[in-house]
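See structure below.
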Amino acid sequence: MLFNSIDFAIFLPIVFILYWFFFKKNLSGQNTLLLVSSYVFYAWWDYRFLFLLIFSTFLDYFTGLRIFNSKTPSLKKTWLVISVCINLGFLVYFKYYNFFIDSFAALLNTAGFKPHIATLNLILPIGISFYTFHGLSYVLDIYNNKFKPTQNIVDYSLFVSFFPLLVAGPIERATHLLPQVQNNRTFNYTQVLNGLKQILWGLVKKIVIADKCAEYADLIFNNSEHYNGSTLLVGAILFTVQIYGDFSGYSDIALGTAKLFGFELLKNFEYPYFSRDIAEFWRRWHISLSSWFRDYLYIPLGGSKVNVWKKIRNTFIIFIVSGFWHGANWTFIVWGALNAIYFVPLLLSNKNRNNLTIVAAGKLIPTLKETISIAATFLLTVFAWIFFRAADIGHALRYIRSLFSPALFSVPEVFPKDLFIFVALFFCIEWYGKDEYNPLNKISNSLPKFFRWSFYYLLIILIINSSGEGQKFIYFQF
Amino acid sequence: MKRLCLNLLFFFLLFTLLLFFVGKFDNIDKLSSDNHNIQKIQLESKFDSLDILFIGNSYCYSGINPAYFDSVGIKSYNLGIATAGPKFYPLLVADYLTTVKQAPKSIFILISPMIFSSKADDIINYPIHRYLNQPVSNEEYIFFNDLNSVKNYPKILIKSFTKSLVNLFSVLKKAKPEGNTAMAASKGFVASADKYSLKNELKNKHLYASLPNDRLDSEKTKELLDLASGLEQKKIKVVFYELPSNKLYAYFSLNYITDYNNFKNQLKGKYLVISDNEKLDETYFRDMDHLNTAGAAVSSKYIIEQIKLNPGLLKQ
């Protein structure tokens with residue numbers, strides 16, 4: 001079920017009413033309702049893969065208990081290895097099997113062999129990368145004695161499958177979400193209202209911004225050989241906006257929906273395109289994934305408390321793995337490596353933690369230096385996204401070659417003026433509200449009721465007016 | 001909880017009432033509109049006692065030039081309206097017949113794979129029912145013509161609302177008789193000297209993205225047959241016609257085209273169907289599926305030849 005679909009618009013109020021009216025003071029009833037609703041939400045896409053989700057849930061629940069109850073470290077480790085291997089095994093099988101086979105065949109081919117290796121026609125179970133990482137964080141935290149496993153299978157299942165975050169995150173941690181599942185939740189008017197505002201802003205990002213940018217980004221990327229350099233630049237910028245609107249829009253809807261049920265999920269985006277350097281960008285983009293890799297991969301590898309070469313190695317590992325997590329394609333690996341290349345100079349010069357707070361906090365106008373830094377960082381990300389969006393490495397390289405041609409300074413053949421005006425207005429609103437997690441909070445606090453409601457009406461009109469045929473979210477494929 | 005429910009209820013109720021009542025002004029611009037679809041409806045009464053009324057979608061207004069029919073003494077009017085299909089056709093015909101004093105001798109109805117697709121009868125972007133001489137409300141249209149479009153009701157309401165706002169802000173705008181004069185002179189034909197280009201096709205390709213998944217809408221084929229038999233009962237001759245197409249067929253699935261051809265054969269058993277037998281090259285098209293002025297000349301002359309082979313068509 002898509003967040004931007006009629007199905008979800010009917011589903012959500014039903015669950016909300018049942019939750020607060022019928023199970024108001026019954027925690028186990030609320031959790032069971034949310035779990036059943038989450039399975040319905042997931043099965044709406046393809047019920048067959050629900051069994052994989054349930055199996056994965058049982059596996060981590062069971063191995064979590066085993067790890068905790070094991071008397072010896074070696075037994076603990078054995079259960080951890082079993083859990084990690086099976087979890088990653090499913091992920092590799094469904095997501096990476098064909099990639100490895102194809103790459104192996106290509107390698108043999110360059111060595112002069114002509115192998116006939118069969119690939120499989122596999123459907124990627126939606127959200128597998130996300131719920132696998134939920135489960136892995138749970139068993140890893142138990143193994144590292146950060147957390148005691150829950151005995152309640154419903155609570156654990158809800159932690160893994162809670163429908164707002166099930167298919168595209170944020171990637172939650174048991175230490176953060178499970179206590180919320182286990183504790184009583186009371187109806188909080190302000191929290192629900194903030195949730196609704198966040199859903200509204202998420203829908204604007206997805207439907208008004210991302211889907212409209214997608215029309216042109218798809219046109220230009222899919223036919224890049226027919227367009228001049230300036231048009232390709234327009235395509236790359238529009239994809240940059242699209243992927244932000246799409247994924248952060250999804251996260252906003254997820255966080256807002258969770259608030260309706262009394263949950264606070266992890267932040268996933270904090271105005272990444274206002275970052276002054278790439279390190280700041282990665283602290284603001286897909287925060288739950290970045291912090292997951294930091295905690296479960298980068299720090300165990302030694303993090304930055306090692307010698308220079310290992311620092312560089314660790315940086316490349318985390319970025320390349322993060323890229324590969326996004327998809328089984330060399331383009332994602334290059335995208336990850338490119339970000340590592342951007343990051344390493346900051347790391348080596350100890351400037352990677354220079355910009356920890358939001359730019360121009362409390363101010364409306366940034367300084368010239370800040371403006372230049374933001375623009376430079378934005379252009380670096382635009383360049384990297386070309387690899388992310390391209391069909392393959394060859395396509396990306398051809399795109400870049402045509403982009404950096406003399407025609408870069410010609411008039412673009414495709415330039416959706418109205419869309420650029422919308423995008424500019426959108427970023428102005430984001431800029432104005434950048435001191436709050438959701439810009440609508442700042443706007444609603446600064447406007448009298450009449451204008452506030454008029455503004456909400458305007459946003460709803462824009463959403464309905466822009467809505468098409470329920471475009472999928474990009475991150476569903478990961 | 002109660003406070004939230006009441007606030008939300010009031011918020012959405014106010015919103016809906018606002019949309020509903022303001023949206024009623026969406027068609028007050030019909031006398032001053034630059035839109036040729038609207039203009040040709042306003043001109044219906046000037047084209048009375050016709051030999052042929054052409055109805056169809058944009059293929060019709062791009063591909064049928066009444067001037068060629070005039071030159072052989074056939075009085076015709078092109079009532080092609082963007083995206084019109086079997087849901088719009090009955091409304092257009094009924095509106096025309098109640099507006100003129102004398103019904104046409106024959107009505108030529110465009111058929112094409114497009115008119116049975118999900119892209120046809122687009123009341124969201126082309127709410128032509130609101131601009132008829134006897135306007136039909138959005139609610140009436142959905143209830144009596146197309147219950148399936150109830151899912152689009154919020155979008156339809158919002159389109160009417162935004163159009164009304166534009167109208168209300170430009171209420172002093174004067175009627176534009178020169179626009180209507182030009183449309184009256186061309187008798188509904190919309191000329192275009194543009195020629196097809198790949199870049200143009202690529203630019204508009206996304207508009208056709210849903211077509212490969214479409215299935216021939218059997219409800220629409222039935223409605224077309226009902227329209228034809230209703231006209232016959234009124235002693236109006238019915239002819240179905242196709243126009244040459246450029247790349248359109250490539251966008252549909254094979255099953256769709258097979259079903260379309262089967263339906264066409266079904267029509268041929270009962271009505272005269274003037275098929276697109278001419279294979280025109282790309283220079284006769286303004287884009288991937290619309291004829292340009294040169295293409296319209298060829299297709300109009302071809303239809304005239306077919307009429308000459310069936311002289312009974314234009315007799316009362």
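In the structure tokens, chains take the letters A, B, ... in the order shown, each chain's residues start at 1, and ligands count up from 1 in the order shown.
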Chain B contacts on chain A, only C-alpha atoms, 10 Å, as a PyMOL selection string: chain A and resi 6+20-21+187-190+192-193+215-216+218-220+222-223+226-227+413-414+453-454+456-457+460-467+469
Store the residues of this selection in a file with N, CA, C and O atoms, as a compact mmCIF listing (two decimals), in the first residue's frame.
# COMPACT_ATOMS: atom_id res chain seq x y z
N ILE A 6 -5.21 6.15 -2.46
CA ILE A 6 -6.56 6.22 -1.87
C ILE A 6 -6.69 5.11 -0.82
O ILE A 6 -7.29 5.31 0.24
N TRP A 20 -7.65 4.28 18.91
CA TRP A 20 -7.90 5.22 20.02
C TRP A 20 -9.29 5.07 20.63
O TRP A 20 -9.50 5.45 21.77
N PHE A 21 -10.23 4.53 19.86
CA PHE A 21 -11.59 4.40 20.42
C PHE A 21 -11.84 3.03 21.04
O PHE A 21 -12.46 2.93 22.09
N PHE A 187 -3.23 9.44 24.39
CA PHE A 187 -3.54 10.36 23.29
C PHE A 187 -3.01 11.75 23.63
O PHE A 187 -3.32 12.30 24.68
N ASN A 188 -2.23 12.30 22.71
CA ASN A 188 -1.64 13.62 22.93
C ASN A 188 -2.02 14.50 21.74
O ASN A 188 -1.55 14.29 20.62
N TYR A 189 -2.89 15.47 22.02
CA TYR A 189 -3.44 16.33 20.96
C TYR A 189 -2.34 16.99 20.13
O TYR A 189 -2.37 16.95 18.90
N THR A 190 -1.37 17.57 20.83
CA THR A 190 -0.30 18.29 20.11
C THR A 190 0.51 17.34 19.24
O THR A 190 0.86 17.66 18.10
N VAL A 192 -0.46 14.50 17.90
CA VAL A 192 -1.25 14.07 16.74
C VAL A 192 -1.31 15.20 15.71
O VAL A 192 -1.16 14.96 14.50
N LEU A 193 -1.51 16.42 16.19
CA LEU A 193 -1.57 17.56 15.27
C LEU A 193 -0.24 17.73 14.53
O LEU A 193 -0.22 17.96 13.31
N GLU A 215 8.99 13.47 -13.67
CA GLU A 215 8.55 13.47 -15.07
C GLU A 215 9.68 13.95 -15.98
O GLU A 215 9.97 13.36 -17.01
N TYR A 216 10.31 15.05 -15.55
CA TYR A 216 11.36 15.63 -16.39
C TYR A 216 12.70 14.93 -16.22
O TYR A 216 13.44 14.74 -17.18
N ASP A 218 13.12 11.80 -15.55
CA ASP A 218 13.02 10.54 -16.31
C ASP A 218 13.19 10.80 -17.80
O ASP A 218 13.90 10.08 -18.49
N LEU A 219 12.50 11.85 -18.25
CA LEU A 219 12.59 12.18 -19.68
C LEU A 219 14.05 12.41 -20.08
O LEU A 219 14.52 11.87 -21.08
N ILE A 220 14.76 13.20 -19.29
CA ILE A 220 16.12 13.58 -19.67
C ILE A 220 17.09 12.40 -19.47
O ILE A 220 17.90 12.11 -20.36
N ASN A 222 16.37 9.17 -19.41
CA ASN A 222 16.06 8.04 -20.30
C ASN A 222 16.41 8.31 -21.76
O ASN A 222 16.47 7.40 -22.56
N ASN A 223 16.58 9.60 -22.09
CA ASN A 223 16.89 9.94 -23.48
C ASN A 223 18.10 10.87 -23.54
O ASN A 223 18.17 11.77 -24.37
N HIS A 226 19.96 12.33 -26.57
CA HIS A 226 19.34 13.31 -27.48
C HIS A 226 19.44 14.75 -26.98
O HIS A 226 18.99 15.66 -27.66
N TYR A 227 19.99 14.93 -25.78
CA TYR A 227 19.94 16.28 -25.20
C TYR A 227 21.32 16.90 -25.03
O TYR A 227 22.32 16.19 -24.87
N GLU A 413 17.16 22.53 -23.64
CA GLU A 413 16.04 22.18 -24.52
C GLU A 413 14.80 21.84 -23.71
O GLU A 413 13.68 21.89 -24.21
N VAL A 414 15.00 21.42 -22.49
CA VAL A 414 13.87 21.16 -21.59
C VAL A 414 14.10 22.02 -20.35
O VAL A 414 15.11 21.85 -19.67
N TRP A 453 -4.95 28.20 8.30
CA TRP A 453 -5.85 27.27 7.62
C TRP A 453 -5.82 27.49 6.11
O TRP A 453 -5.86 26.53 5.34
N SER A 454 -5.76 28.75 5.71
CA SER A 454 -5.70 29.03 4.27
C SER A 454 -4.45 28.39 3.67
O SER A 454 -4.49 27.84 2.56
N TYR A 456 -2.87 25.73 4.82
CA TYR A 456 -3.08 24.28 4.75
C TYR A 456 -3.99 23.92 3.56
O TYR A 456 -3.74 22.95 2.85
N TYR A 457 -5.05 24.73 3.38
CA TYR A 457 -5.96 24.48 2.25
C TYR A 457 -5.18 24.56 0.93
O TYR A 457 -5.37 23.74 0.04
N ILE A 460 -3.22 21.44 0.47
CA ILE A 460 -4.08 20.30 0.09
C ILE A 460 -4.50 20.42 -1.38
O ILE A 460 -4.50 19.44 -2.13
N ILE A 461 -4.82 21.65 -1.77
CA ILE A 461 -5.20 21.87 -3.19
C ILE A 461 -4.03 21.49 -4.11
O ILE A 461 -4.21 20.80 -5.11
N LEU A 462 -2.84 21.91 -3.73
CA LEU A 462 -1.66 21.58 -4.55
C LEU A 462 -1.46 20.07 -4.63
O LEU A 462 -1.16 19.52 -5.69
N ILE A 463 -1.65 19.41 -3.50
CA ILE A 463 -1.44 17.95 -3.48
C ILE A 463 -2.45 17.27 -4.39
O ILE A 463 -2.08 16.45 -5.24
N ILE A 464 -3.72 17.61 -4.21
CA ILE A 464 -4.75 16.92 -5.02
C ILE A 464 -4.58 17.27 -6.49
O ILE A 464 -4.71 16.42 -7.37
N ASN A 465 -4.27 18.53 -6.74
CA ASN A 465 -4.09 18.96 -8.13
C ASN A 465 -2.92 18.28 -8.81
O ASN A 465 -2.95 17.99 -10.00
N SER A 466 -1.89 18.01 -8.04
CA SER A 466 -0.68 17.41 -8.64
C SER A 466 -0.74 15.89 -8.65
O SER A 466 0.11 15.25 -9.27
N SER A 467 -1.68 15.33 -7.93
CA SER A 467 -1.67 13.86 -7.79
C SER A 467 -1.93 13.20 -9.13
O SER A 467 -2.80 13.61 -9.88
N GLU A 469 -0.96 9.12 -10.85
CA GLU A 469 -1.39 7.73 -10.70
C GLU A 469 -0.61 7.03 -9.61
O GLU A 469 -0.13 5.90 -9.78
Those in segment 102-211 of chain B with strand (DSSP E) from DSSP, as a ChimeraX atom specification: /B:106-110
Only all heavy atoms, please: the residues just picked out, written as a compact mmCIF listing (two decimals), in the first residue's frame.
# COMPACT_ATOMS: atom_id res chain seq x y z
N SER B 106 -26.31 13.52 -41.09
CA SER B 106 -25.52 12.38 -40.57
C SER B 106 -24.51 12.88 -39.54
O SER B 106 -24.10 14.05 -39.56
CB SER B 106 -24.79 11.67 -41.71
OG SER B 106 -23.94 12.56 -42.35
N ILE B 107 -24.18 11.97 -38.67
CA ILE B 107 -23.14 12.28 -37.68
C ILE B 107 -22.00 11.30 -37.88
O ILE B 107 -22.22 10.08 -37.90
CB ILE B 107 -23.70 12.22 -36.25
CG1 ILE B 107 -24.74 13.34 -36.04
CG2 ILE B 107 -22.57 12.34 -35.22
CD1 ILE B 107 -25.29 13.47 -34.64
N PHE B 108 -20.83 11.83 -38.07
CA PHE B 108 -19.64 11.01 -38.24
C PHE B 108 -18.92 10.93 -36.89
O PHE B 108 -18.54 11.97 -36.33
CB PHE B 108 -18.70 11.62 -39.29
CG PHE B 108 -19.09 11.31 -40.72
CD1 PHE B 108 -20.43 11.37 -41.12
CD2 PHE B 108 -18.13 10.95 -41.66
CE1 PHE B 108 -20.79 11.09 -42.44
CE2 PHE B 108 -18.47 10.67 -42.97
CZ PHE B 108 -19.81 10.73 -43.37
N ILE B 109 -18.77 9.71 -36.42
CA ILE B 109 -18.19 9.53 -35.07
C ILE B 109 -16.78 8.96 -35.19
O ILE B 109 -16.60 7.90 -35.81
CB ILE B 109 -19.09 8.58 -34.24
CG1 ILE B 109 -20.51 9.15 -34.13
CG2 ILE B 109 -18.49 8.36 -32.86
CD1 ILE B 109 -21.51 8.19 -33.48
N LEU B 110 -15.84 9.64 -34.58
CA LEU B 110 -14.45 9.16 -34.64
C LEU B 110 -14.26 7.91 -33.77
O LEU B 110 -14.73 7.87 -32.63
CB LEU B 110 -13.50 10.24 -34.14
CG LEU B 110 -12.05 9.78 -34.09
CD1 LEU B 110 -11.26 10.22 -35.32
CD2 LEU B 110 -11.34 10.26 -32.84
Distance table requested - segment 239-258 of chain A against segment 435-442 of chain A, cut-off 12 Å, only C-alpha atoms: one row per qualifying residue with the closest atom pair and its distance in Å to one decimal, ordered by chain and rising residue number, as a tab-separated table.
residue	atom	partner	partner_atom	distance
A:Ser248	CA	A:Asn438	CA	11.1
A:Gly249	CA	A:Asn438	CA	11.1
A:Ser251	CA	A:Asn438	CA	11.4
A:Asp252	CA	A:Asn438	CA	8.4
A:Ile253	CA	A:Asn438	CA	11.2
A:Leu255	CA	A:Asn438	CA	10.6
A:Gly256	CA	A:Asn438	CA	10.0
Please write the residues from the selection above to a file, keeping all heavy atoms, as a PDB file, in the first residue's frame.
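File out17.pdb, as written:
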ATOM      1  N   SER A 248      12.597  11.922   1.579  1.00  0.00           N
ATOM      2  CA  SER A 248      12.313  12.636   2.831  1.00  0.00           C
ATOM      3  C   SER A 248      10.808  12.807   2.977  1.00  0.00           C
ATOM      4  O   SER A 248      10.289  12.849   4.091  1.00  0.00           O
ATOM      5  CB  SER A 248      13.035  13.979   2.878  1.00  0.00           C
ATOM      6  OG  SER A 248      12.399  14.901   2.042  1.00  0.00           O
ATOM      7  N   GLY A 249      10.095  12.883   1.839  1.00  0.00           N
ATOM      8  CA  GLY A 249       8.633  12.937   1.900  1.00  0.00           C
ATOM      9  C   GLY A 249       8.088  11.666   2.518  1.00  0.00           C
ATOM     10  O   GLY A 249       7.226  11.689   3.398  1.00  0.00           O
ATOM     11  N   SER A 251       9.691   9.677   4.530  1.00  0.00           N
ATOM     12  CA  SER A 251      10.065   9.670   5.948  1.00  0.00           C
ATOM     13  C   SER A 251       9.143  10.567   6.753  1.00  0.00           C
ATOM     14  O   SER A 251       8.746  10.222   7.871  1.00  0.00           O
ATOM     15  CB  SER A 251      11.510  10.143   6.120  1.00  0.00           C
ATOM     16  OG  SER A 251      12.372   9.220   5.528  1.00  0.00           O
ATOM     17  N   ASP A 252       8.793  11.722   6.200  1.00  0.00           N
ATOM     18  CA  ASP A 252       7.882  12.623   6.915  1.00  0.00           C
ATOM     19  C   ASP A 252       6.524  11.960   7.126  1.00  0.00           C
ATOM     20  O   ASP A 252       5.937  12.072   8.208  1.00  0.00           O
ATOM     21  CB  ASP A 252       7.692  13.929   6.126  1.00  0.00           C
ATOM     22  CG  ASP A 252       8.830  14.897   6.355  1.00  0.00           C
ATOM     23  OD1 ASP A 252       9.536  14.738   7.358  1.00  0.00           O
ATOM     24  OD2 ASP A 252       9.010  15.807   5.528  1.00  0.00           O
ATOM     25  N   ILE A 253       6.036  11.299   6.089  1.00  0.00           N
ATOM     26  CA  ILE A 253       4.725  10.640   6.233  1.00  0.00           C
ATOM     27  C   ILE A 253       4.836   9.524   7.271  1.00  0.00           C
ATOM     28  O   ILE A 253       3.940   9.336   8.102  1.00  0.00           O
ATOM     29  CB  ILE A 253       4.222  10.096   4.873  1.00  0.00           C
ATOM     30  CG1 ILE A 253       4.102  11.231   3.856  1.00  0.00           C
ATOM     31  CG2 ILE A 253       2.859   9.419   5.047  1.00  0.00           C
ATOM     32  CD1 ILE A 253       3.875  10.763   2.425  1.00  0.00           C
ATOM     33  N   LEU A 255       6.997   9.304   9.830  1.00  0.00           N
ATOM     34  CA  LEU A 255       7.123   9.882  11.176  1.00  0.00           C
ATOM     35  C   LEU A 255       5.796  10.479  11.649  1.00  0.00           C
ATOM     36  O   LEU A 255       5.405  10.321  12.814  1.00  0.00           O
ATOM     37  CB  LEU A 255       8.217  10.951  11.211  1.00  0.00           C
ATOM     38  CG  LEU A 255       9.612  10.443  11.598  1.00  0.00           C
ATOM     39  CD1 LEU A 255      10.272   9.658  10.509  1.00  0.00           C
ATOM     40  CD2 LEU A 255      10.512  11.612  11.992  1.00  0.00           C
ATOM     41  N   GLY A 256       5.120  11.147  10.717  1.00  0.00           N
ATOM     42  CA  GLY A 256       3.832  11.752  11.063  1.00  0.00           C
ATOM     43  C   GLY A 256       2.797  10.686  11.397  1.00  0.00           C
ATOM     44  O   GLY A 256       2.047  10.824  12.376  1.00  0.00           O
TER      45      GLY A 256
END
Please, which residues of segment 232-261 of chain B, numbered as in this document, come out helix (DSSP H, G or I) from DSSP, as a CSV table (one decimal) with all heavy atoms, in the first residue's frame?
chain,number,residue,atom,x,y,z
B,232,GLU,N,-29.9,6.6,-34.7
B,232,GLU,CA,-30.6,6.0,-35.8
B,232,GLU,C,-32.1,6.1,-35.6
B,232,GLU,O,-32.9,6.3,-36.5
B,232,GLU,CB,-30.2,4.6,-36.0
B,232,GLU,CG,-28.9,4.4,-36.7
B,232,GLU,CD,-28.6,3.0,-37.1
B,232,GLU,OE1,-28.9,2.1,-36.3
B,232,GLU,OE2,-28.0,2.8,-38.2
B,233,GLN,N,-32.5,6.0,-34.3
B,233,GLN,CA,-33.9,6.1,-34.0
B,233,GLN,C,-34.4,7.5,-34.3
B,233,GLN,O,-35.6,7.7,-34.5
B,233,GLN,CB,-34.1,5.7,-32.5
B,233,GLN,CG,-34.1,4.2,-32.3
B,233,GLN,CD,-34.1,3.9,-30.8
B,233,GLN,OE1,-34.3,4.7,-29.9
B,233,GLN,NE2,-33.8,2.6,-30.5
B,248,LEU,N,0.8,6.1,-32.6
B,248,LEU,CA,-0.1,5.7,-31.5
B,248,LEU,C,-0.2,4.2,-31.2
B,248,LEU,O,-0.1,3.8,-30.1
B,248,LEU,CB,-1.5,6.3,-31.8
B,248,LEU,CG,-2.5,6.0,-30.7
B,248,LEU,CD1,-2.2,6.8,-29.5
B,248,LEU,CD2,-3.9,6.3,-31.2
B,249,TYR,N,-0.3,3.4,-32.3
B,249,TYR,CA,-0.6,2.0,-32.1
B,249,TYR,C,0.6,1.3,-31.3
B,249,TYR,O,0.3,0.4,-30.6
B,249,TYR,CB,-0.8,1.3,-33.4
B,249,TYR,CG,-2.2,1.5,-33.9
B,249,TYR,CD1,-2.7,2.7,-34.3
B,249,TYR,CD2,-3.1,0.4,-34.1
B,249,TYR,CE1,-4.0,2.9,-34.7
B,249,TYR,CE2,-4.4,0.6,-34.6
B,249,TYR,CZ,-4.8,1.8,-34.9
B,249,TYR,OH,-6.1,2.0,-35.3
B,250,ALA,N,1.8,1.9,-31.4
B,250,ALA,CA,2.9,1.3,-30.8
B,250,ALA,C,2.8,1.4,-29.2
B,250,ALA,O,3.5,0.7,-28.5
B,250,ALA,CB,4.2,1.9,-31.2
B,251,TYR,N,2.0,2.3,-28.8
B,251,TYR,CA,1.8,2.5,-27.3
B,251,TYR,C,0.9,1.5,-26.7
B,251,TYR,O,0.8,1.4,-25.5
B,251,TYR,CB,1.4,4.0,-27.0
B,251,TYR,CG,2.6,4.9,-27.2
B,251,TYR,CD1,3.0,5.4,-28.4
B,251,TYR,CD2,3.3,5.3,-26.1
B,251,TYR,CE1,4.0,6.3,-28.5
B,251,TYR,CE2,4.4,6.1,-26.2
B,251,TYR,CZ,4.8,6.6,-27.4
B,251,TYR,OH,5.8,7.4,-27.5
B,254,LEU,N,-0.7,-5.6,-27.6
B,254,LEU,CA,-1.2,-6.3,-28.8
B,254,LEU,C,-2.6,-6.7,-28.5
B,254,LEU,O,-3.5,-6.7,-29.4
B,254,LEU,CB,-0.3,-7.5,-29.0
B,254,LEU,CG,-0.4,-8.2,-30.4
B,254,LEU,CD1,-0.1,-7.2,-31.5
B,254,LEU,CD2,0.5,-9.4,-30.4
B,255,ASN,N,-2.9,-7.1,-27.3
B,255,ASN,CA,-4.3,-7.6,-26.9
B,255,ASN,C,-5.3,-6.4,-27.1
B,255,ASN,O,-6.4,-6.6,-27.5
B,255,ASN,CB,-4.3,-8.0,-25.4
B,255,ASN,CG,-3.8,-9.4,-25.3
B,255,ASN,OD1,-3.6,-10.1,-26.2
B,255,ASN,ND2,-3.4,-9.7,-24.0
B,256,TYR,N,-4.8,-5.2,-26.7
B,256,TYR,CA,-5.7,-4.1,-26.8
B,256,TYR,C,-6.1,-3.8,-28.3
B,256,TYR,O,-7.2,-3.6,-28.6
B,256,TYR,CB,-5.0,-2.8,-26.2
B,256,TYR,CG,-5.9,-1.6,-26.1
B,256,TYR,CD1,-6.4,-1.3,-24.9
B,256,TYR,CD2,-6.1,-0.8,-27.2
B,256,TYR,CE1,-7.2,-0.2,-24.7
B,256,TYR,CE2,-7.0,0.3,-27.1
B,256,TYR,CZ,-7.5,0.6,-25.9
B,256,TYR,OH,-8.3,1.7,-25.7
B,257,ILE,N,-5.0,-3.8,-29.1
B,257,ILE,CA,-5.3,-3.6,-30.5
B,257,ILE,C,-6.1,-4.7,-31.2
B,257,ILE,O,-7.0,-4.4,-32.0
B,257,ILE,CB,-3.9,-3.4,-31.3
B,257,ILE,CG1,-3.1,-2.2,-30.8
B,257,ILE,CG2,-4.1,-3.3,-32.8
B,257,ILE,CD1,-3.8,-0.9,-30.9
B,258,THR,N,-5.9,-5.9,-30.7
B,258,THR,CA,-6.8,-7.0,-31.2
B,258,THR,C,-8.2,-6.8,-30.8
B,258,THR,O,-9.1,-6.9,-31.7
B,258,THR,CB,-6.3,-8.4,-30.7
B,258,THR,OG1,-4.9,-8.4,-30.9
B,258,THR,CG2,-7.0,-9.5,-31.3
B,259,ASP,N,-8.4,-6.4,-29.6
B,259,ASP,CA,-9.8,-6.2,-29.1
B,259,ASP,C,-10.4,-5.0,-29.9
B,259,ASP,O,-11.6,-5.0,-30.2
B,259,ASP,CB,-9.8,-5.9,-27.6
B,259,ASP,CG,-9.5,-7.1,-26.8
B,259,ASP,OD1,-9.6,-8.2,-27.4
B,259,ASP,OD2,-9.2,-7.0,-25.6
B,260,TYR,N,-9.6,-4.0,-30.1
B,260,TYR,CA,-10.1,-2.8,-30.8
B,260,TYR,C,-10.5,-3.2,-32.3
B,260,TYR,O,-11.6,-2.9,-32.7
B,260,TYR,CB,-9.0,-1.8,-30.9
B,260,TYR,CG,-9.3,-0.6,-31.8
B,260,TYR,CD1,-10.3,0.3,-31.4
B,260,TYR,CD2,-8.7,-0.4,-33.0
B,260,TYR,CE1,-10.7,1.4,-32.3
B,260,TYR,CE2,-9.0,0.6,-33.9
B,260,TYR,CZ,-10.0,1.5,-33.5
B,260,TYR,OH,-10.3,2.5,-34.3
B,261,ASN,N,-9.7,-4.0,-32.9
B,261,ASN,CA,-10.0,-4.4,-34.3
B,261,ASN,C,-11.2,-5.3,-34.3
B,261,ASN,O,-12.1,-5.2,-35.2
B,261,ASN,CB,-8.8,-5.2,-34.9
B,261,ASN,CG,-7.7,-4.2,-35.3
B,261,ASN,OD1,-8.0,-3.0,-35.6
B,261,ASN,ND2,-6.5,-4.6,-35.2
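Atom CA of Thr16 of chain B is positioned 22.2 Å from atom CA of Ile128 of chain B.
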Residues within 10 Å of Ile111 of chain B, only C-alpha atoms, excluding chain neighbours under 2 positions, as a list in words: Ile55, Gly56, Asn57, Tyr59, Cys60, Gly85, Pro86, Phe108, Ile109, Pro113, Met114, Ile115, Phe116, Leu224, Phe240, Tyr241, Glu242, Leu243, Tyr260, Lys264, Val273, Ile274 and Ser275 of chain B
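Of note, atom CA of Gln182 of chain A and atom CA of Phe62 of chain A are spaced 18.2 Å apart.
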B:Phe25, B:Phe252, B:Tyr271, B:Phe20 ranked by distance to Ser117 of chain B, top pick (using only C-alpha atoms): B:Phe252
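We find atom CA of Ala67 of chain B and atom CA of Asp51 of chain B to be spaced 13.4 Å apart.
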Selection near His326 of chain A, 12 Å with only C-alpha atoms, sequence-local residues under 3 positions removed, as an MDAnalysis selection string: chainID A and resid 91 95:96 127:130 168 286 289 319:323 329:336 388:389 474:478
Shell around Ala297 of chain B at 12 Å using only C-alpha atoms, local window under 2 positions removed, as an MDAnalysis selection string: chainID B and resid 62:69 189 191:193 243:244 280 284:285 291:295 299:304
Nearest to Phe54 of chain B by atom-to-atom distance, counting only C-alpha atoms, from B:Gly23, B:Gly230, B:Gly73, B:Gly188: B:Gly188
Near-Val166 of chain B list (12 Å; only C-alpha atoms; drop same-chain fewer than 3 positions) as a PyMOL selection string: chain B and resi 22-23+25-29+33+159-163+169-173
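You can rank A:Ala254, A:Leu59, A:Ile82, A:Ala376 by their closest distance to Leu200 of chain A using only C-alpha atoms, and at the top of that list sits A:Ala254.
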Residues near Phe455 of chain A, cut-off 12 Å, only C-alpha atoms, skip fewer than 3 positions along chain, as a PyMOL selection string: (chain A and resi 197+200-201+429+440+443-444+446-452+458-462) or (chain B and resi 15)
